[in-house]
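Report on one structure; see the data block that follows.
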Amino acid sequence: MYFTDRGIEELENRRGEEEVTLGWVADQLRTFVDLNPDFEVPVERLATWLARLDDEDED
């Protein structure tokens, strides 16, 4: 288990039953980056990865 998995597991355990929109998630990510500007690049990469999940492989 990666160290980061603990945060993911906490998120799932505490809020896993909730339904949210991707708009809500985007707002939370923006707020997080505003409060933690050092994480702008990783959050941007995560958002881009999530946005492109359904794209076909470009091999």
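So you can find residues: chains in the structure tokens are A, B, ... in the order shown, residues in each start at 1, and ligands are numbered from 1 in order.
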Q: Do a neighbour search on stretch 20-23 of chain A at 12 Å with only C-alpha atoms, toss out local chain neighbours closer than 4 positions, and write the hits as JSON, numbers by chain.
A: {"A": [15, 16, 27, 28, 29, 30, 47, 50, 51]}
Q: From a DSSP calculation on the backbone, collect every residue of chain A in alpha helix (DSSP H) and output the set as a ChimeraX atom specification.
A: /A:4-15,22-35,40-51
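Closest to A:Val43 among A:Glu10, A:Ala26, A:Glu56, A:Glu18 is A:Ala26, based on only C-alpha atoms.
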